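To be precise, the following lines are final30.csv, and they hold CSV, C-alpha atoms and all ligand atoms.
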chain,number,residue,atom,x,y,z
A,184,MET,CA,-36.2,-9.8,-2.7
A,185,ALA,CA,-34.9,-7.4,0.0
A,186,PHE,CA,-31.2,-7.5,0.7
A,187,ASP,CA,-30.5,-9.1,4.1
A,188,PRO,CA,-27.1,-8.3,5.5
A,189,ARG,CA,-27.2,-11.5,7.6
A,190,GLU,CA,-27.6,-13.9,4.6
A,191,PRO,CA,-24.7,-14.8,2.2
A,192,PHE,CA,-25.1,-12.4,-0.7
A,193,ASP,CA,-25.0,-15.1,-3.4
A,194,ASP,CA,-26.9,-12.7,-5.8
A,195,LEU,CA,-24.0,-10.3,-5.9
A,196,PRO,CA,-24.2,-9.2,-9.6
A,197,PRO,CA,-21.3,-9.8,-11.9
A,198,ILE,CA,-19.3,-6.8,-13.3
A,199,PRO,CA,-19.4,-4.6,-15.3
A,200,PRO,CA,-22.4,-3.2,-13.6
A,201,ALA,CA,-25.6,-3.2,-15.7
A,202,ALA,CA,-26.0,0.6,-15.4
A,203,ASP,CA,-23.9,3.0,-17.5
A,204,ILE,CA,-21.4,4.0,-14.9
A,205,GLU,CA,-19.1,6.1,-17.1
A,206,THR,CA,-21.1,9.3,-16.8
A,207,LYS,CA,-19.6,12.6,-17.9
A,208,ALA,CA,-18.8,13.5,-14.3
A,209,ILE,CA,-17.0,10.2,-13.7
A,210,LEU,CA,-15.1,10.4,-16.9
A,211,ARG,CA,-14.0,14.0,-16.0
A,212,LEU,CA,-12.7,12.7,-12.7
A,213,ALA,CA,-11.0,9.7,-14.3
A,214,VAL,CA,-9.2,12.1,-16.8
A,215,SER,CA,-7.9,14.3,-14.0
A,216,ALA,CA,-6.8,11.4,-11.8
A,217,SER,CA,-5.0,9.8,-14.8
A,218,ARG,CA,-3.2,13.1,-15.4
A,219,ALA,CA,-2.0,13.2,-11.8
A,220,LEU,CA,-0.9,9.6,-12.0
A,221,ALA,CA,1.0,10.3,-15.2
A,222,GLU,CA,2.9,13.1,-13.5
A,223,LEU,CA,3.7,10.9,-10.6
A,224,LYS,CA,5.0,8.2,-13.0
A,225,GLY,CA,7.1,10.7,-14.9
A,226,LEU,CA,8.7,11.9,-11.7
A,227,GLY,CA,10.1,8.6,-10.3
A,228,GLY,CA,13.3,9.1,-12.3
A,229,ILE,CA,14.3,12.4,-10.6
A,230,VAL,CA,15.6,10.5,-7.6
A,231,PRO,CA,18.7,8.8,-8.9
A,232,ASP,CA,18.5,5.9,-6.5
A,233,GLN,CA,15.1,4.4,-7.0
A,234,ALA,CA,15.6,2.3,-3.9
A,235,ILE,CA,15.2,5.4,-1.8
A,236,LEU,CA,11.5,5.7,-2.9
A,237,ILE,CA,10.9,2.0,-3.0
A,238,HIS,CA,12.0,1.6,0.6
A,239,SER,CA,10.1,4.5,2.1
A,240,ILE,CA,6.7,5.0,0.3
A,241,PRO,CA,5.4,1.4,0.1
A,242,LEU,CA,6.2,1.1,3.8
A,243,GLN,CA,3.9,4.0,4.5
A,244,GLU,CA,1.3,2.4,2.3
A,245,ALA,CA,1.7,-0.9,4.3
A,246,LYS,CA,1.4,1.0,7.5
A,247,ALA,CA,-1.8,2.8,6.6
A,248,SER,CA,-3.5,-0.2,5.0
A,249,SER,CA,-2.9,-2.2,8.1
A,250,GLU,CA,-4.1,0.6,10.3
A,251,ILE,CA,-7.5,0.5,8.5
A,252,GLU,CA,-7.7,-3.0,10.0
A,253,ASN,CA,-6.7,-1.7,13.4
A,254,ILE,CA,-3.2,-3.1,13.1
A,255,VAL,CA,-1.3,-0.2,14.4
A,256,THR,CA,2.5,0.5,14.7
A,257,THR,CA,4.9,3.4,14.4
A,258,ASN,CA,7.5,4.4,11.8
A,259,ASP,CA,10.0,4.2,14.6
A,260,ALA,CA,9.2,0.6,15.4
A,261,LEU,CA,9.0,-0.3,11.7
A,262,TYR,CA,12.3,1.2,10.6
A,263,LYS,CA,14.1,-0.3,13.6
A,264,ALA,CA,12.7,-3.7,12.7
A,265,VAL,CA,13.2,-3.5,8.9
A,266,ASP,CA,16.7,-5.0,8.8
A,267,SER,CA,16.8,-6.9,12.1
A,268,ALA,CA,14.2,-9.6,12.2
A,269,SER,CA,14.3,-9.5,16.0
A,270,ALA,CA,12.2,-11.8,18.1
A,271,LEU,CA,11.4,-8.7,20.1
A,272,THR,CA,9.6,-7.0,17.2
A,273,ASP,CA,5.9,-6.6,18.2
A,274,PRO,CA,3.2,-8.5,16.2
A,275,PRO,CA,1.6,-5.5,14.4
A,276,THR,CA,5.1,-4.3,13.2
A,277,LYS,CA,5.8,-7.8,11.9
A,278,GLU,CA,2.4,-7.8,10.1
A,279,VAL,CA,3.1,-4.5,8.4
A,280,LEU,CA,6.5,-5.7,7.3
A,281,ARG,CA,4.9,-8.8,5.9
A,282,TYR,CA,2.4,-6.5,4.0
A,283,ARG,CA,5.3,-4.7,2.5
A,284,SER,CA,7.1,-7.8,1.4
A,285,ALA,CA,3.8,-9.3,0.0
A,286,LEU,CA,3.3,-6.0,-2.0
A,287,TRP,CA,6.8,-6.4,-3.2
A,288,GLN,CA,6.4,-10.0,-4.3
A,289,GLY,CA,3.3,-9.0,-6.1
A,290,TYR,CA,5.1,-6.2,-7.9
A,291,GLU,CA,7.7,-8.6,-9.2
A,292,ARG,CA,4.9,-10.8,-10.6
A,293,VAL,CA,2.7,-8.1,-12.3
A,294,LYS,CA,5.8,-6.9,-14.1
A,295,VAL,CA,5.5,-10.1,-16.2
A,296,ALA,CA,2.0,-11.4,-15.8
A,297,PRO,CA,-1.6,-10.2,-15.4
A,298,LEU,CA,-3.5,-10.5,-12.1
A,299,SER,CA,-4.6,-14.1,-11.5
A,300,LEU,CA,-6.3,-16.3,-8.9
A,301,ASP,CA,-2.8,-17.6,-7.9
A,302,LEU,CA,-1.5,-14.1,-7.4
A,303,ILE,CA,-4.4,-13.2,-5.2
A,304,ARG,CA,-3.9,-16.3,-3.1
A,305,SER,CA,-0.1,-15.7,-2.8
A,306,LEU,CA,-0.6,-12.1,-1.7
A,307,CYS,CA,-2.9,-13.1,1.1
A,308,SER,CA,-0.7,-16.1,2.1
A,309,ALA,CA,2.4,-13.8,2.3
A,310,LEU,CA,0.4,-11.3,4.3
A,311,ARG,CA,-0.8,-13.9,6.8
A,312,ASP,CA,2.4,-15.9,6.8
A,313,THR,CA,0.6,-19.2,6.2
A,314,PRO,CA,-0.8,-20.8,3.0
A,315,VAL,CA,-4.4,-19.7,2.6
A,316,ASP,CA,-7.0,-20.6,0.1
A,317,PHE,CA,-10.3,-19.1,-1.0
A,318,ARG,CA,-13.2,-19.9,1.3
A,319,ALA,CA,-14.5,-23.4,0.6
A,320,GLU,CA,-18.2,-24.6,0.6
A,321,GLY,CA,-19.5,-24.1,4.1
A,322,GLN,CA,-16.9,-21.5,5.0
A,323,ASN,CA,-19.1,-18.4,5.3
A,324,VAL,CA,-18.2,-15.1,7.0
A,325,ARG,CA,-19.9,-12.0,8.1
A,326,ILE,CA,-18.8,-8.4,8.3
A,327,GLY,CA,-20.0,-6.6,11.4
A,328,ASN,CA,-19.2,-4.1,14.1
A,329,ARG,CA,-17.2,-5.8,16.8
A,330,THR,CA,-18.5,-3.6,19.6
A,331,THR,CA,-22.2,-3.5,18.7
A,332,GLY,CA,-22.3,-6.9,17.1
A,333,ARG,CA,-24.4,-5.5,14.2
A,334,ILE,CA,-23.9,-7.4,10.9
A,335,SER,CA,-23.6,-5.0,8.0
A,336,TYR,CA,-22.8,-7.5,5.2
A,337,SER,CA,-22.4,-11.2,4.5
A,338,PRO,CA,-20.4,-12.1,1.4
A,339,PRO,CA,-21.4,-14.9,-1.0
A,340,ARG,CA,-21.0,-18.4,0.2
A,341,GLY,CA,-17.6,-20.2,-0.2
A,342,GLY,CA,-16.9,-22.8,-2.9
A,343,PRO,CA,-18.0,-22.7,-6.5
A,344,THR,CA,-20.3,-19.6,-6.0
A,345,LEU,CA,-17.4,-17.6,-4.9
A,346,LEU,CA,-15.0,-18.9,-7.6
A,347,VAL,CA,-17.3,-18.0,-10.4
A,348,LYS,CA,-17.5,-14.4,-9.1
A,349,LEU,CA,-13.7,-14.2,-8.8
A,350,GLU,CA,-13.2,-15.5,-12.4
A,351,ASN,CA,-15.7,-12.8,-13.5
A,352,LEU,CA,-13.7,-10.1,-11.6
A,353,LEU,CA,-10.4,-11.1,-13.2
A,354,ASP,CA,-12.0,-11.3,-16.6
A,355,TYR,CA,-13.3,-7.8,-16.2
A,356,LEU,CA,-9.9,-6.4,-15.0
A,357,ASN,CA,-7.8,-8.2,-17.6
A,358,ARG,CA,-10.0,-8.0,-20.7
A,359,ASP,CA,-10.4,-4.8,-22.7
A,360,THR,CA,-13.9,-3.8,-21.5
A,361,GLY,CA,-13.8,-0.3,-22.9
A,362,HIS,CA,-13.9,1.1,-19.4
A,363,ASP,CA,-11.1,3.5,-18.2
A,364,PRO,CA,-8.5,1.5,-16.3
A,365,LEU,CA,-9.0,3.7,-13.2
A,366,VAL,CA,-12.8,3.0,-13.3
A,367,ARG,CA,-12.0,-0.7,-13.6
A,368,MET,CA,-9.7,-0.5,-10.6
A,369,ALA,CA,-12.4,1.1,-8.5
A,370,VAL,CA,-15.2,-1.2,-9.7
A,371,GLY,CA,-12.8,-4.2,-9.1
A,372,HIS,CA,-12.0,-3.1,-5.6
A,373,TYR,CA,-15.7,-2.9,-4.6
A,374,GLN,CA,-16.3,-6.3,-6.2
A,375,PHE,CA,-13.3,-7.9,-4.5
A,376,GLU,CA,-14.4,-6.7,-1.1
A,377,ALA,CA,-18.0,-7.8,-1.8
A,378,ILE,CA,-16.8,-11.3,-2.8
A,379,HIS,CA,-14.6,-11.4,0.3
A,380,PRO,CA,-12.8,-14.5,-0.9
A,381,PHE,CA,-10.8,-15.2,2.3
A,382,ASP,CA,-11.8,-15.6,5.9
A,383,ASP,CA,-9.4,-12.8,6.8
A,384,GLY,CA,-7.0,-10.4,5.0
A,385,ASN,CA,-9.5,-9.3,2.3
A,386,GLY,CA,-9.2,-5.6,3.0
A,387,ARG,CA,-5.4,-5.6,2.8
A,388,THR,CA,-5.2,-8.0,-0.2
A,389,GLY,CA,-7.8,-5.9,-2.1
A,390,ARG,CA,-5.8,-2.7,-1.5
A,391,MET,CA,-2.6,-4.3,-2.7
A,392,LEU,CA,-4.4,-5.4,-5.8
A,393,ASN,CA,-5.3,-1.8,-6.5
A,394,ILE,CA,-1.7,-0.7,-6.7
A,395,LEU,CA,-0.5,-3.8,-8.5
A,396,TYR,CA,-3.3,-3.4,-11.1
A,397,LEU,CA,-2.0,0.1,-11.9
A,398,VAL,CA,1.5,-1.2,-12.3
A,399,GLU,CA,0.3,-4.0,-14.5
A,400,ARG,CA,-1.6,-1.5,-16.7
A,401,GLY,CA,1.5,0.6,-17.0
A,402,LEU,CA,0.0,3.6,-15.1
A,403,LEU,CA,2.7,3.3,-12.4
A,404,ASP,CA,6.3,2.1,-12.7
A,405,ILE,CA,6.9,1.3,-9.1
A,406,PRO,CA,4.3,0.6,-6.4
A,407,VAL,CA,4.5,4.0,-4.8
A,408,LEU,CA,0.9,5.2,-4.7
A,409,TYR,CA,-0.2,5.9,-1.1
A,410,LEU,CA,-3.9,5.2,-1.6
A,411,SER,CA,-4.5,3.7,1.9
A,412,GLY,CA,-3.4,7.0,3.4
A,413,PHE,CA,-6.4,8.6,1.8
A,414,ILE,CA,-8.8,5.8,2.9
A,415,MET,CA,-7.4,6.0,6.5
A,416,LYS,CA,-8.3,9.7,6.7
A,417,ASP,CA,-12.0,8.8,6.6
A,418,LYS,CA,-12.6,5.2,7.2
A,419,ALA,CA,-16.3,5.6,7.7
A,420,LYS,CA,-16.7,7.0,4.3
A,421,TYR,CA,-14.9,4.0,2.8
A,422,TYR,CA,-17.1,1.5,4.6
A,423,GLY,CA,-20.2,3.6,3.9
A,424,SER,CA,-19.5,3.9,0.2
A,425,LEU,CA,-18.9,0.2,-0.2
A,426,ARG,CA,-22.2,-0.5,1.6
A,427,ALA,CA,-24.1,1.9,-0.6
A,428,VAL,CA,-23.1,0.1,-3.7
A,429,THR,CA,-24.5,-3.2,-2.3
A,430,GLU,CA,-27.7,-1.7,-0.8
A,431,ALA,CA,-28.6,1.0,-3.3
A,432,GLY,CA,-26.5,0.5,-6.4
A,433,GLU,CA,-24.6,3.7,-5.7
A,434,TRP,CA,-21.8,3.2,-8.1
A,435,GLU,CA,-21.4,6.9,-9.0
A,436,ALA,CA,-20.6,7.9,-5.4
A,437,TRP,CA,-18.2,5.0,-5.0
A,438,LEU,CA,-16.3,5.8,-8.2
A,439,GLU,CA,-16.2,9.5,-7.3
A,440,TYR,CA,-14.7,8.6,-3.9
A,441,MET,CA,-12.0,6.2,-5.4
A,442,LEU,CA,-11.1,8.5,-8.3
A,443,GLU,CA,-10.7,11.4,-6.0
A,444,GLY,CA,-8.6,9.2,-3.8
A,445,VAL,CA,-6.3,8.3,-6.7
A,446,GLU,CA,-5.9,11.9,-7.7
A,447,GLN,CA,-5.2,13.2,-4.2
A,448,THR,CA,-2.7,10.5,-3.3
A,449,ALA,CA,-1.0,10.8,-6.7
A,450,LEU,CA,-0.5,14.5,-5.9
A,451,TRP,CA,0.6,13.8,-2.3
A,452,THR,CA,3.1,11.1,-3.4
A,453,ARG,CA,4.4,13.5,-6.1
A,454,GLY,CA,4.9,16.1,-3.4
A,455,ARG,CA,6.8,13.6,-1.2
A,456,ILE,CA,9.1,12.7,-4.1
A,457,VAL,CA,9.9,16.3,-4.8
A,458,THR,CA,10.6,16.9,-1.1
A,459,ILE,CA,12.8,13.8,-0.8
A,460,LYS,CA,14.8,14.9,-3.9
A,461,ALA,CA,15.3,18.4,-2.5
A,462,LEU,CA,16.4,17.0,0.8
A,463,LEU,CA,18.8,14.7,-0.9
A,464,ASP,CA,20.3,17.5,-2.9
A,465,SER,CA,20.7,19.9,0.0
A,466,THR,CA,22.2,17.2,2.2
A,467,ILE,CA,24.7,16.3,-0.5
A,468,ASP,CA,25.6,20.0,-0.8
A,469,ARG,CA,26.0,20.6,2.9
A,470,CYS,CA,28.0,17.5,3.5
A,471,ARG,CA,30.3,18.3,0.6
A,472,SER,CA,31.1,21.7,1.9
A,473,ASP,CA,31.0,21.2,5.6
A,474,LEU,CA,32.3,17.6,5.9
A,475,PRO,CA,34.5,17.0,2.9
A,476,LYS,CA,36.4,14.2,4.6
A,477,VAL,CA,33.2,12.3,5.3
A,478,TYR,CA,31.3,13.1,2.1
A,479,SER,CA,30.6,10.6,-0.6
A,480,LYS,CA,27.5,10.4,-2.7
A,481,GLU,CA,27.1,6.7,-1.8
A,482,LEU,CA,27.0,7.6,1.9
A,483,ILE,CA,24.4,10.2,1.5
A,484,GLU,CA,22.2,8.0,-0.6
A,485,LEU,CA,22.6,5.2,1.9
A,486,ILE,CA,21.2,7.4,4.8
A,487,PHE,CA,18.2,8.1,2.5
A,488,ARG,CA,17.7,4.5,1.6
A,489,LYS,CA,18.0,3.6,5.3
A,490,PRO,CA,16.5,6.4,7.4
A,491,TYR,CA,17.6,4.4,10.5
A,492,CYS,CA,21.2,3.7,9.6
A,493,ARG,CA,23.6,1.4,11.5
A,494,ILE,CA,27.4,1.1,11.3
A,495,ALA,CA,27.0,-2.3,9.8
A,496,ASP,CA,25.0,-0.7,6.9
A,497,LEU,CA,28.1,1.4,5.9
A,498,VAL,CA,30.3,-1.6,6.2
A,499,ASP,CA,28.0,-3.8,4.1
A,500,ALA,CA,27.7,-1.1,1.5
A,501,GLY,CA,31.5,-1.0,1.2
A,502,ILE,CA,31.7,2.6,2.3
A,503,ALA,CA,34.1,2.2,5.1
A,504,LYS,CA,35.5,-0.2,7.7
A,505,ARG,CA,33.8,-0.3,11.1
A,506,GLN,CA,35.9,2.3,12.9
A,507,THR,CA,35.7,4.8,10.1
A,508,ALA,CA,32.1,4.1,9.5
A,509,SER,CA,31.3,4.9,13.1
A,510,GLU,CA,33.3,8.2,12.9
A,511,TYR,CA,31.4,9.1,9.7
A,512,LEU,CA,28.0,8.6,11.4
A,513,GLN,CA,29.1,10.6,14.5
A,514,GLU,CA,30.3,13.5,12.2
A,515,LEU,CA,26.9,13.5,10.5
A,516,GLU,CA,25.3,13.6,13.9
A,517,ARG,CA,27.4,16.6,15.0
A,518,ALA,CA,26.4,18.3,11.8
A,519,GLY,CA,22.7,17.8,12.8
A,520,ILE,CA,22.0,15.6,9.8
A,521,LEU,CA,21.5,12.4,11.8
A,522,ALA,CA,20.4,11.8,15.4
A,523,GLY,CA,21.9,8.8,17.2
A,524,GLU,CA,20.1,6.6,19.7
A,525,LYS,CA,20.5,3.2,21.3
A,526,ALA,CA,18.5,0.3,19.8
A,527,GLY,CA,19.2,-2.8,21.8
A,528,ARG,CA,23.0,-3.1,22.0
A,529,GLU,CA,23.5,-1.1,18.8
A,530,GLN,CA,23.6,2.6,18.0
A,531,VAL,CA,21.2,3.6,15.2
A,532,TYR,CA,21.2,7.0,13.4
A,533,ARG,CA,18.0,8.6,12.2
A,534,ASN,CA,17.8,10.8,9.2
A,535,VAL,CA,15.7,13.4,11.0
A,536,ALA,CA,14.6,15.5,8.0
A,537,LEU,CA,13.6,12.6,5.8
A,538,LEU,CA,11.6,11.0,8.6
A,539,ARG,CA,9.8,14.2,9.2
A,540,ALA,CA,9.0,14.6,5.5
A,541,LEU,CA,7.6,11.0,5.3
A,542,ALA,CA,5.4,11.5,8.3
A,543,GLU,CA,3.7,14.6,7.1
B,601,LIG,N1,-20.2,-3.6,3.7
B,601,LIG,C1,-19.1,-4.0,3.1
B,601,LIG,N2,-19.1,-4.5,1.9
B,601,LIG,C2,-18.0,-5.0,1.3
B,601,LIG,N3,-16.8,-4.9,1.8
B,601,LIG,C3,-16.6,-4.4,3.0
B,601,LIG,C4,-17.8,-3.9,3.8
B,601,LIG,N4,-17.3,-3.5,5.0
B,601,LIG,C5,-16.0,-3.7,5.0
B,601,LIG,N5,-15.6,-4.2,3.8
B,601,LIG,C6,-14.2,-4.6,3.5
B,601,LIG,O1,-13.7,-5.6,4.3
B,601,LIG,C7,-12.4,-5.3,4.8
B,601,LIG,C8,-12.0,-6.0,6.0
B,601,LIG,O2,-12.0,-7.4,5.8
B,601,LIG,P1,-10.9,-8.4,6.4
B,601,LIG,O3,-11.0,-9.7,5.8
B,601,LIG,O4,-11.0,-8.3,7.9
B,601,LIG,O5,-9.6,-7.7,5.9
B,601,LIG,P2,-8.2,-7.5,6.8
B,601,LIG,O6,-7.8,-8.8,7.4
B,601,LIG,O7,-7.2,-7.0,5.8
B,601,LIG,O8,-8.6,-6.7,7.9
B,601,LIG,C9,-12.4,-3.8,4.8
B,601,LIG,O9,-11.1,-3.2,4.8
B,601,LIG,C10,-13.2,-3.4,3.6
B,601,LIG,O10,-12.4,-3.4,2.5
B,602,MG,MG,-9.2,-8.6,9.5

File written out as structure tokens:
Amino acid sequence: MAFDPREPFDDLPPIPPAADIETKAILRLAVSASRALAELKGLGGIVPDQAILIHSIPLQEAKASSEIENIVTTNDALYKAVDSASALTDPPTKEVLRYRSALWQGYERVKVAPLSLDLIRSLCSALRDTPVDFRAEGQNVRIGNRTTGRISYSPPRGGPTLLVKLENLLDYLNRDTGHDPLVRMAVGHYQFEAIHPFDDGNGRTGRMLNILYLVERGLLDIPVLYLSGFIMKDKAKYYGSLRAVTEAGEWEAWLEYMLEGVEQTALWTRGRIVTIKALLDSTIDRCRSDLPKVYSKELIELIFRKPYCRIADLVDAGIAKRQTASEYLQELERAGILAGEKAGREQVYRNVALLRALAE
């Protein structure tokens, strides 16, 4: 029977795939991606305040993963909105911030329990800011090009057909199947997207699951892999490779693509952490020698945890009272470490070098 992209793909085969997917070439890629990931994991500890990494890198991941779905915002808007849930914040920015908090809630859960149907539902609900369930019987969706109207894929029908496939996916991920965990992550990501269990939010939920799975398997300590950045660089390749698995059983090309993505982003993220650590150290040194009255380790760590810093942040952290806090920030601005600007009625101070490093 020929595959018809307009008909629900109820025959989507269960995983693991019938073919032997762990070829020599794939295993070689898996080994080198695992090595890059292990180096990244080992590095987290060099930045003394883990919150610095935890605040910045997952936000970049959230931004890129949303951008894949055409939800576009800027770092500037994101950081300004992070601590002030203002009614003025634009919808895409709010959506990216929700993505980050969904990822965060998921992280808390996979530290203590494996992936589950309930976790998947919660991630998508947190992302969409409303309780959502898997597609029920009769709730069918199609994936297509919005401009041309061409349908490229129709996932399996909702209801029991879909649930059986999700159970199989979780079983494959959680049970020891003999496959390398990175291979399982990649196979699982294809399968999740092919099942497309929700009427919306599948792409982003699936990409969160990738990171969370690596944490759950102990390959990452904190959710700092920037895999969506890799996907975003060549979206057409991502879509094309997903389609080729369905239409031509091209598992090898899909696995190659994902494993290379893990390796490249592990190296990129590692580079970011090294840069952040170097910036933190040099800022501490400069401030200590040039602004000894202002300097405290807590203050410098704070401006790295909050790249858009407000007077209230210093007050809340117990670093200084309002007046002094304001003077500290102005001193740091005069020294060229921060750049002040108006945001609403408040003054915010940007950590210029850190923001530049994150945007690279
Ligand atoms: N041909 C395809 N086969 C399987 N999955 C696909 C295909 N094309 C796109 N996808 C997946 O569908 C996602 C988009 O689904 P959607 O539910 O709209 O997610 P979101 O709301 O996060 O945008 C893409 O990011 C991709 O992961
Ligand atoms: Mg969508």

Please, what is the axis-aligned box for every listed atom of segment 297-303 of chain A with 5 Å on each side, as centre and edge lengths in Å to one decimal, as lines of an AutoDock Vina configuration file?
center_x = -3.9
center_y = -13.9
center_z = -10.3
size_x = 14.8
size_y = 17.4
size_z = 20.2

Neighbours of ligand MG 602 (chain B) at 6 Å or closer, counting all atoms listed in the file: which residues, as a ChimeraX atom specification?
/A:252,383-384

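With all atoms listed in the file as the atoms that count, the minimum distance from ligand LIG 601 (chain B) to the choices A:Arg292, A:Arg281, A:Arg390, A:Lys246 is reached by A:Arg390.
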
Take atom CA of Ser465 of chain A and atom CA of Lys504 of chain A and report the distance between them in Å, one decimal.
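Result for atom CA of Ser465 of chain A versus atom CA of Lys504 of chain A: 26.1 Å, one decimal.
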
Write out as a PDB file with C-alpha atoms, keeping the file's coordinate frame the residues lying within 12 Å of Met391 of chain A, counting only C-alpha atoms and excluding same-chain residues fewer than 6 positions away.
ATOM      1  CA  PRO A 241       5.400   1.400   0.100  1.00  0.00           C
ATOM      2  CA  GLU A 244       1.300   2.400   2.300  1.00  0.00           C
ATOM      3  CA  ALA A 245       1.700  -0.900   4.300  1.00  0.00           C
ATOM      4  CA  ALA A 247      -1.800   2.800   6.600  1.00  0.00           C
ATOM      5  CA  SER A 248      -3.500  -0.200   5.000  1.00  0.00           C
ATOM      6  CA  SER A 249      -2.900  -2.200   8.100  1.00  0.00           C
ATOM      7  CA  TYR A 282       2.400  -6.500   4.000  1.00  0.00           C
ATOM      8  CA  ARG A 283       5.300  -4.700   2.500  1.00  0.00           C
ATOM      9  CA  SER A 284       7.100  -7.800   1.400  1.00  0.00           C
ATOM     10  CA  ALA A 285       3.800  -9.300   0.000  1.00  0.00           C
ATOM     11  CA  LEU A 286       3.300  -6.000  -2.000  1.00  0.00           C
ATOM     12  CA  TRP A 287       6.800  -6.400  -3.200  1.00  0.00           C
ATOM     13  CA  GLN A 288       6.400 -10.000  -4.300  1.00  0.00           C
ATOM     14  CA  GLY A 289       3.300  -9.000  -6.100  1.00  0.00           C
ATOM     15  CA  TYR A 290       5.100  -6.200  -7.900  1.00  0.00           C
ATOM     16  CA  VAL A 293       2.700  -8.100 -12.300  1.00  0.00           C
ATOM     17  CA  LEU A 298      -3.500 -10.500 -12.100  1.00  0.00           C
ATOM     18  CA  LEU A 302      -1.500 -14.100  -7.400  1.00  0.00           C
ATOM     19  CA  ILE A 303      -4.400 -13.200  -5.200  1.00  0.00           C
ATOM     20  CA  SER A 305      -0.100 -15.700  -2.800  1.00  0.00           C
ATOM     21  CA  LEU A 306      -0.600 -12.100  -1.700  1.00  0.00           C
ATOM     22  CA  CYS A 307      -2.900 -13.100   1.100  1.00  0.00           C
ATOM     23  CA  ALA A 309       2.400 -13.800   2.300  1.00  0.00           C
ATOM     24  CA  LEU A 310       0.400 -11.300   4.300  1.00  0.00           C
ATOM     25  CA  MET A 368      -9.700  -0.500 -10.600  1.00  0.00           C
ATOM     26  CA  HIS A 372     -12.000  -3.100  -5.600  1.00  0.00           C
ATOM     27  CA  PHE A 375     -13.300  -7.900  -4.500  1.00  0.00           C
ATOM     28  CA  GLY A 384      -7.000 -10.400   5.000  1.00  0.00           C
ATOM     29  CA  ASN A 385      -9.500  -9.300   2.300  1.00  0.00           C
ATOM     30  CA  LEU A 397      -2.000   0.100 -11.900  1.00  0.00           C
ATOM     31  CA  VAL A 398       1.500  -1.200 -12.300  1.00  0.00           C
ATOM     32  CA  PRO A 406       4.300   0.600  -6.400  1.00  0.00           C
ATOM     33  CA  VAL A 407       4.500   4.000  -4.800  1.00  0.00           C
ATOM     34  CA  LEU A 408       0.900   5.200  -4.700  1.00  0.00           C
ATOM     35  CA  TYR A 409      -0.200   5.900  -1.100  1.00  0.00           C
ATOM     36  CA  LEU A 410      -3.900   5.200  -1.600  1.00  0.00           C
ATOM     37  CA  SER A 411      -4.500   3.700   1.900  1.00  0.00           C
TER      38      SER A 411
END

Export: segment 379-399 of chain A, C-alpha atoms, as an mmCIF file, in the first residue's frame:
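selection_7.cif was written with the following content:
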data_model
loop_
_atom_site.group_PDB
_atom_site.id
_atom_site.type_symbol
_atom_site.label_atom_id
_atom_site.label_comp_id
_atom_site.auth_asym_id
_atom_site.auth_seq_id
_atom_site.Cartn_x
_atom_site.Cartn_y
_atom_site.Cartn_z
ATOM 1 C CA HIS A 379 1.900 13.892 16.892
ATOM 2 C CA PRO A 380 -0.224 13.216 19.982
ATOM 3 C CA PHE A 381 -1.549 16.785 20.424
ATOM 4 C CA ASP A 382 -3.400 19.092 18.126
ATOM 5 C CA ASP A 383 -0.634 21.676 18.649
ATOM 6 C CA GLY A 384 2.651 21.988 20.555
ATOM 7 C CA ASN A 385 4.114 18.679 19.343
ATOM 8 C CA GLY A 386 7.342 20.114 17.979
ATOM 9 C CA ARG A 387 8.210 21.989 21.149
ATOM 10 C CA THR A 388 7.085 19.238 23.527
ATOM 11 C CA GLY A 389 9.146 16.717 21.543
ATOM 12 C CA ARG A 390 12.258 18.875 21.709
ATOM 13 C CA MET A 391 11.854 19.314 25.466
ATOM 14 C CA LEU A 392 11.611 15.554 25.800
ATOM 15 C CA ASN A 393 14.999 15.172 24.088
ATOM 16 C CA ILE A 394 16.778 17.243 26.723
ATOM 17 C CA LEU A 395 14.790 15.745 29.597
ATOM 18 C CA TYR A 396 15.553 12.226 28.422
ATOM 19 C CA LEU A 397 19.288 12.972 28.505
ATOM 20 C CA VAL A 398 18.937 14.288 32.057
ATOM 21 C CA GLU A 399 16.893 11.257 33.079
#
